[in-house]
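Please read the structure below before turning to the comments.
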Amino acid sequence: QVQLVESGGGLVQPGGSLRLSCAASGRISSIYAMGWYRQAPGKQRELVARVISLSVTNYADSVKGRFTISRDSAKNTVFLQMNSLTPEDTGVYYCHVVVRLSWVEYWGQGTQVTVSS
């Protein structure tokens, strides 16, 4: 089993910043991908950003230039630096991990991000 512990969500004003963290622990042989998805009220869960292997990054078009994902492979931790936040970024952010070889996916419990004045 793999456990994911997320932190860093909260309430922020438009234009503000937040930094999310997700630490993975447990039976991890090797992580293939780590990333973040989000789900806004009444909408489907969508990819925000992810790191594949150690260097390939994907971002949703809506966050390019504002969000930066990074990964500390030694600590099995992924970070999401979110700048210039807008109300459209509001939602529950979920950490997502894919373990290499088994290709099993794990999800965090979610952390709420609210952007409001």
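We label chains A, B, ... in the order they appear in the structure tokens, count residues from 1 in each chain, and number ligands from 1 in the order shown.
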
Compile a residue-level contact table for segment 3-54 of chain A against segment 62-84 of chain A at a cut-off of 9 Å, reporting for every qualifying residue the shortest atom pair and its distance in Å to one decimal, with only C-alpha atoms counted, rows ordered by chain and ascending number, as a Markdown table.
| residue | atom | partner | partner_atom | distance |
| --- | --- | --- | --- | --- |
| A:Pro14 | CA | A:Ser84 | CA | 7.0 |
| A:Gly15 | CA | A:Ser84 | CA | 4.2 |
| A:Gly16 | CA | A:Ser84 | CA | 5.5 |
| A:Ser17 | CA | A:Asn83 | CA | 4.4 |
| A:Leu18 | CA | A:Met82 | CA | 5.2 |
| A:Arg19 | CA | A:Gln81 | CA | 4.5 |
| A:Leu20 | CA | A:Leu80 | CA | 5.0 |
| A:Ser21 | CA | A:Phe79 | CA | 4.5 |
| A:Cys22 | CA | A:Val78 | CA | 5.3 |
| A:Ala23 | CA | A:Thr77 | CA | 4.3 |
| A:Ala24 | CA | A:Asn76 | CA | 5.4 |
| A:Ser25 | CA | A:Asn76 | CA | 7.3 |
| A:Ile28 | CA | A:Asn76 | CA | 8.9 |
| A:Ile31 | CA | A:Asn76 | CA | 7.9 |
| A:Met34 | CA | A:Val78 | CA | 6.5 |
| A:Gly35 | CA | A:Val78 | CA | 7.0 |
| A:Trp36 | CA | A:Leu80 | CA | 7.7 |
| A:Val48 | CA | A:Val63 | CA | 7.1 |
| A:Ala49 | CA | A:Ile69 | CA | 6.5 |
| A:Arg50 | CA | A:Ile69 | CA | 6.8 |
| A:Val51 | CA | A:Ile69 | CA | 7.2 |
| A:Leu54 | CA | A:Arg71 | CA | 7.4 |

**Request:** Apply DSSP to the backbone of this structure and, from chain A, keep only the residues in helix (DSSP H, G or I); write these as a PyMOL selection string.
**Result:** chain A and resi 61-63+73-75+87-89

With the cut-off set at 9 Å and counting only C-alpha atoms, tabulate each residue of segment 79-104 of chain A with an atom at most that distance from an atom of segment 6-13 of chain A, showing the nearest atom pair and its distance in Å to one decimal, ordered by chain and increasing number, as JSON lines.
{"residue": "A:Leu85", "atom": "CA", "partner": "A:Gln13", "partner_atom": "CA", "distance": 7.7}
{"residue": "A:Thr86", "atom": "CA", "partner": "A:Gln13", "partner_atom": "CA", "distance": 8.0}
{"residue": "A:Pro87", "atom": "CA", "partner": "A:Gln13", "partner_atom": "CA", "distance": 8.4}
{"residue": "A:Val92", "atom": "CA", "partner": "A:Gly9", "partner_atom": "CA", "distance": 8.7}
{"residue": "A:Tyr93", "atom": "CA", "partner": "A:Gly9", "partner_atom": "CA", "distance": 8.1}
{"residue": "A:Tyr94", "atom": "CA", "partner": "A:Glu6", "partner_atom": "CA", "distance": 8.0}
{"residue": "A:Cys95", "atom": "CA", "partner": "A:Glu6", "partner_atom": "CA", "distance": 7.0}

**Request:** Quote the spacing between atom CA of Ile52 of chain A and atom CA of Thr90 of chain A in Å to one decimal place.
**Result:**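 For atom CA of Ile52 of chain A relative to atom CA of Thr90 of chain A, the distance reads 24.8 Å.
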
**Request:** Enter the distance from atom CA of Gly42 of chain A to atom CA of Glu88 of chain A, in Å, rounded to one decimal.
**Result:**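 Separating atom CA of Gly42 of chain A from atom CA of Glu88 of chain A is a distance of 12.7 Å.
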
**Item:** Selection: 12 Å around Val2 of chain A, only C-alpha atoms, excl. self and same-chain fewer than 2 positions, as a PyMOL selection string
**Value:** chain A and resi 4-5+23-31+76+96-99+104-108

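Backbone DSSP over segment 41-93 of chain A yields strand (DSSP E) at Glu46, Leu47, Val48, Ala49, Arg50, Val51, Ile52, Val56, Thr57, Asn58, Tyr59, Phe67, Thr68, Ile69, Ser70, Arg71, Asp72, Thr77, Val78, Phe79, Leu80, Gln81, Met82, Gly91, Val92 and Tyr93 of chain A.
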
**Request:** Report the distance between atom CA of Gly91 of chain A and atom CA of Val113 of chain A in Å, rounded to one decimal place.
**Result:**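 Interatomic distance here is 5.5 Å.
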